[in-house]
Amino acid sequence: MAGTMIGVIGGSGVYDLDALEDRCWTAVDSPWGTPSDEILTGRLDGVPMAFLPRHGRGHVHAPSSVPYRANIDALKRLGVTDVLSVSACGSFREEMAPGDFVLVDQFIDRTFARDKSFFGTGCVAHVSVAHPTCPRLGAACSAAARDAGLTLHEGGTYLAMEGPQFSTLAESRMYRDVWGADVIGMTNMPEAKLAREAELCYASIAMVTDYDSWHPEHGAVEITDIVRTLTGNAEKARALVGRLPARLGADRAPCPHGCDRALDHAILTAPGQ
Ligand code: ADE
């Protein structure tokens, strides 16, 4: 049985994983550009881990300029098998309150200014993203969240917007009332699509920081409120990540959902082209 290596992409407020043993920040080159930052490798509960701060230490990459392809490729090159995304989000649901976590399982991709595929020039492939997250990794994340005592909502549709501005009131109402989205953020796409193209299992834990702008009692979303909630909850996110290796285990059977074989029948270009 092959080994698990967990990659964690940390969002706003999560720039390090203090608990890692044998810590080493490593620069990883990629033909797709330079990743957001060096990658912190180490071990937790005997499972190899790689941590990448999505926005870079010091928060230097805006959502539109995160090098998503380089990030996913660099994790793949290090031997990562399973990627957990941790990110902040706004909520469209009263019951998904600031401070809660959501295990995202669907996306609506409204981003438009990012490179979204490893394929297209010289090699054409069309992978399925009907089920964009990995249920096995998601179940391990749910168990880890329970172990860490977090309030986790299992399942939710994440509207990925381009940003960097937040939504207008009309957009917020449309995403919530017409499109049925549960949460909104700026970073999980194209990350999830690229992870599937790279045959990596991908799960997304989104931390609710605000009610976006639809909520009559909460008014417009302000970055200062988001940062306050993030700062108060980053420790919870780290607690979840800290319990994931024990839940996922060091040995890895092939993904029962086929995430690690996504390209088997997806490439159209003839061999040798
Ligand atoms: N990240 C955190 N809150 C957000 C919101 N309301 N919209 C987009 N991204 C967010």
# chains A, B, ... in the order shown; residues from 1 in each chain; ligands from 1
>>> closest_atom_pairs(of="chain A", to="ligand 1", cutoff="6 Å", atoms="only C-alpha atoms and all ligand atoms", output="tab-separated table")
residue	atom	partner	partner_atom_place_in_ligand_line	distance
A:Ala88	CA	ligand 1	2 (C)	4.7
A:Cys89	CA	ligand 1	2 (C)	3.6
A:Gly90	CA	ligand 1	6 (N)	3.7
A:Phe166	CA	ligand 1	7 (N)	5.2
A:Ile184	CA	ligand 1	8 (C)	5.1
A:Gly185	CA	ligand 1	9 (N)	3.5
A:Met186	CA	ligand 1	9 (N)	5.0
A:Thr209	CA	ligand 1	3 (N)	5.6
A:Asp210	CA	ligand 1	3 (N)	5.7
A:Asp212	CA	ligand 1	6 (N)	3.8
>>> residues_around(residues="segment 81-83 of chain A", least_positions_apart="4", cutoff="10 Å", atoms="only C-alpha atoms", output="VMD selection string")
chain A and resid 2 to 9 49 to 51 72 75 to 76 133 to 134 136 to 137 192 195 198 to 204 248 252 255 259 to 260
>>> closest_residue(among="A:Met174, A:Val80, A:Ala19, A:Val104", to="Leu240 of chain A", atoms="only C-alpha atoms")
A:Ala19
>>> closest_residue(among="A:Leu78, A:Val127, A:Leu44, A:Ile267", to="Thr26 of chain A", atoms="only C-alpha atoms")
A:Leu78
>>> atom_distance(atom1="atom CA of Leu159 of chain A", atom2="atom CA of Tyr175 of chain A")
7.5 Å
>>> select_by_dssp(residues="segment 15-218 of chain A", states="strand (DSSP E or B)", output="MDAnalysis selection string")
chainID A and resid 21:26 39:44 47:53 82:91 101:104 106:109 125 152:154 157:160 183:185 201:210
>>> residues_around(residues="Leu152 of chain A", least_positions_apart="3", cutoff="8 Å", atoms="only C-alpha atoms", output="ChimeraX atom specification")
/A:100-103,142,145-146
>>> write_last_selection(atoms="N, CA, C and O atoms", output="mmCIF file, in the first residue's frame")
data_model
loop_
_atom_site.group_PDB
_atom_site.id
_atom_site.type_symbol
_atom_site.label_atom_id
_atom_site.label_comp_id
_atom_site.auth_asym_id
_atom_site.auth_seq_id
_atom_site.Cartn_x
_atom_site.Cartn_y
_atom_site.Cartn_z
ATOM 1 N N ASP A 100 -18.144 29.251 12.702
ATOM 2 C CA ASP A 100 -18.417 27.856 12.305
ATOM 3 C C ASP A 100 -17.529 27.481 11.119
ATOM 4 O O ASP A 100 -17.000 28.346 10.409
ATOM 5 N N PHE A 101 -17.437 26.167 10.889
ATOM 6 C CA PHE A 101 -16.692 25.659 9.738
ATOM 7 C C PHE A 101 -17.651 24.902 8.820
ATOM 8 O O PHE A 101 -18.625 24.321 9.284
ATOM 9 N N VAL A 102 -17.355 24.925 7.515
ATOM 10 C CA VAL A 102 -18.193 24.238 6.537
ATOM 11 C C VAL A 102 -17.304 23.309 5.708
ATOM 12 O O VAL A 102 -16.276 23.741 5.186
ATOM 13 N N LEU A 103 -17.726 22.036 5.629
ATOM 14 C CA LEU A 103 -17.037 21.102 4.734
ATOM 15 C C LEU A 103 -17.693 21.267 3.365
ATOM 16 O O LEU A 103 -18.786 20.761 3.113
ATOM 17 N N SER A 142 -14.080 15.573 8.581
ATOM 18 C CA SER A 142 -15.220 15.673 9.515
ATOM 19 C C SER A 142 -14.855 15.053 10.848
ATOM 20 O O SER A 142 -15.149 15.614 11.914
ATOM 21 N N ALA A 145 -12.508 17.233 12.665
ATOM 22 C CA ALA A 145 -13.198 18.413 13.199
ATOM 23 C C ALA A 145 -13.945 18.058 14.482
ATOM 24 O O ALA A 145 -13.943 18.822 15.456
ATOM 25 N N ARG A 146 -14.573 16.884 14.490
ATOM 26 C CA ARG A 146 -15.263 16.426 15.703
ATOM 27 C C ARG A 146 -14.255 16.261 16.839
ATOM 28 O O ARG A 146 -14.480 16.704 17.965
#
>>> select_by_dssp(residues="segment 58-190 of chain A", states="alpha helix (DSSP H)", output="PyMOL selection string")
chain A and resi 68-78+135-147+169-173+188-190
>>> write_last_selection(atoms="N, CA, C and O atoms", output="short mmCIF file (atom, residue, chain, number, x, y, z; two decimals), in the first residue's frame")
data_model
loop_
_atom_site.label_atom_id
_atom_site.label_comp_id
_atom_site.auth_asym_id
_atom_site.auth_seq_id
_atom_site.Cartn_x
_atom_site.Cartn_y
_atom_site.Cartn_z
N TYR A 68 -2.02 29.53 -8.65
CA TYR A 68 -2.71 28.27 -8.33
C TYR A 68 -2.06 27.05 -8.98
O TYR A 68 -1.92 26.00 -8.37
N ARG A 69 -1.66 27.20 -10.26
CA ARG A 69 -1.08 26.03 -10.95
C ARG A 69 0.27 25.66 -10.33
O ARG A 69 0.55 24.47 -10.10
N ALA A 70 1.10 26.65 -10.05
CA ALA A 70 2.40 26.36 -9.43
C ALA A 70 2.21 25.72 -8.06
O ALA A 70 2.95 24.80 -7.68
N ASN A 71 1.22 26.19 -7.31
CA ASN A 71 0.99 25.65 -5.96
C ASN A 71 0.62 24.16 -6.01
O ASN A 71 1.18 23.33 -5.29
N ILE A 72 -0.35 23.83 -6.87
CA ILE A 72 -0.79 22.43 -6.95
C ILE A 72 0.34 21.56 -7.51
O ILE A 72 0.62 20.46 -7.00
N ASP A 73 1.02 22.07 -8.52
CA ASP A 73 2.12 21.29 -9.12
C ASP A 73 3.24 21.06 -8.10
O ASP A 73 3.79 19.95 -8.02
N ALA A 74 3.57 22.08 -7.32
CA ALA A 74 4.65 21.94 -6.33
C ALA A 74 4.28 20.90 -5.27
O ALA A 74 5.12 20.08 -4.87
N LEU A 75 3.03 20.90 -4.84
CA LEU A 75 2.59 19.89 -3.85
C LEU A 75 2.69 18.49 -4.46
O LEU A 75 3.16 17.55 -3.83
N LYS A 76 2.26 18.36 -5.70
CA LYS A 76 2.33 17.06 -6.39
C LYS A 76 3.79 16.59 -6.48
O LYS A 76 4.10 15.43 -6.24
N ARG A 77 4.68 17.50 -6.84
CA ARG A 77 6.10 17.14 -6.97
C ARG A 77 6.70 16.66 -5.64
O ARG A 77 7.61 15.85 -5.62
N LEU A 78 6.19 17.21 -4.55
CA LEU A 78 6.70 16.80 -3.23
C LEU A 78 6.18 15.42 -2.82
O LEU A 78 6.63 14.85 -1.84
N PRO A 135 -14.76 12.40 -1.17
CA PRO A 135 -15.54 12.00 0.01
C PRO A 135 -14.69 11.31 1.08
O PRO A 135 -14.95 11.49 2.27
N ARG A 136 -13.66 10.54 0.67
CA ARG A 136 -12.85 9.86 1.70
C ARG A 136 -12.08 10.88 2.52
O ARG A 136 -12.08 10.84 3.76
N LEU A 137 -11.45 11.84 1.84
CA LEU A 137 -10.71 12.88 2.57
C LEU A 137 -11.67 13.75 3.38
O LEU A 137 -11.38 14.13 4.53
N GLY A 138 -12.84 14.03 2.81
CA GLY A 138 -13.84 14.83 3.52
C GLY A 138 -14.29 14.16 4.80
O GLY A 138 -14.44 14.81 5.84
N ALA A 139 -14.50 12.83 4.74
CA ALA A 139 -14.93 12.10 5.95
C ALA A 139 -13.85 12.17 7.02
O ALA A 139 -14.15 12.33 8.22
N ALA A 140 -12.59 12.08 6.61
CA ALA A 140 -11.49 12.18 7.58
C ALA A 140 -11.45 13.59 8.19
O ALA A 140 -11.20 13.76 9.39
N CYS A 141 -11.74 14.60 7.37
CA CYS A 141 -11.77 15.99 7.88
C CYS A 141 -12.91 16.16 8.88
O CYS A 141 -12.75 16.84 9.91
N SER A 142 -14.08 15.57 8.58
CA SER A 142 -15.22 15.67 9.51
C SER A 142 -14.85 15.05 10.85
O SER A 142 -15.15 15.61 11.91
N ALA A 143 -14.23 13.86 10.79
CA ALA A 143 -13.86 13.18 12.03
C ALA A 143 -12.83 14.03 12.80
O ALA A 143 -12.93 14.18 14.03
N ALA A 144 -11.88 14.60 12.07
CA ALA A 144 -10.86 15.44 12.72
C ALA A 144 -11.50 16.67 13.35
O ALA A 144 -11.12 17.11 14.44
N ALA A 145 -12.51 17.23 12.66
CA ALA A 145 -13.20 18.41 13.20
C ALA A 145 -13.94 18.06 14.48
O ALA A 145 -13.94 18.82 15.46
N ARG A 146 -14.57 16.88 14.49
CA ARG A 146 -15.26 16.43 15.70
C ARG A 146 -14.25 16.26 16.84
O ARG A 146 -14.48 16.70 17.96
N ASP A 147 -13.13 15.60 16.52
CA ASP A 147 -12.08 15.39 17.54
C ASP A 147 -11.63 16.74 18.12
O ASP A 147 -11.29 16.83 19.30
N LEU A 169 -24.92 44.06 -2.89
CA LEU A 169 -26.09 43.50 -2.22
C LEU A 169 -26.91 42.66 -3.22
O LEU A 169 -27.38 41.56 -2.89
N ALA A 170 -27.04 43.16 -4.46
CA ALA A 170 -27.83 42.43 -5.47
C ALA A 170 -27.17 41.09 -5.78
O ALA A 170 -27.85 40.06 -5.91
N GLU A 171 -25.85 41.08 -5.90
CA GLU A 171 -25.15 39.80 -6.16
C GLU A 171 -25.33 38.83 -5.00
O GLU A 171 -25.60 37.65 -5.17
N SER A 172 -25.16 39.38 -3.80
CA SER A 172 -25.26 38.54 -2.60
C SER A 172 -26.64 37.88 -2.54
O SER A 172 -26.75 36.67 -2.27
N ARG A 173 -27.68 38.66 -2.81
CA ARG A 173 -29.05 38.10 -2.79
C ARG A 173 -29.23 37.05 -3.89
O ARG A 173 -29.88 36.03 -3.69
N ASN A 188 -11.07 29.10 -3.69
CA ASN A 188 -11.10 27.64 -3.88
C ASN A 188 -11.14 27.21 -5.34
O ASN A 188 -10.93 26.04 -5.66
N MET A 189 -11.46 28.15 -6.21
CA MET A 189 -11.36 27.89 -7.65
C MET A 189 -10.31 28.82 -8.23
O MET A 189 -10.26 29.98 -7.82
N PRO A 190 -9.46 28.34 -9.11
CA PRO A 190 -9.47 27.03 -9.78
C PRO A 190 -8.74 25.93 -9.02
O PRO A 190 -8.53 24.86 -9.56
#
>>> residues_around(residues="Ala237 of chain A", least_positions_apart="6", cutoff="10 Å", atoms="only C-alpha atoms", output="JSON, numbers by chain")
{"A": [10, 13, 14, 86, 87, 101, 145, 148, 150, 205, 206, 207, 230]}
>>> atom_distance(atom1="atom CA of Glu95 of chain A", atom2="atom CA of Ser12 of chain A")
22.6 Å
>>> atom_distance(atom1="atom CA of Ile108 of chain A", atom2="atom CA of Asn233 of chain A")
25.5 Å
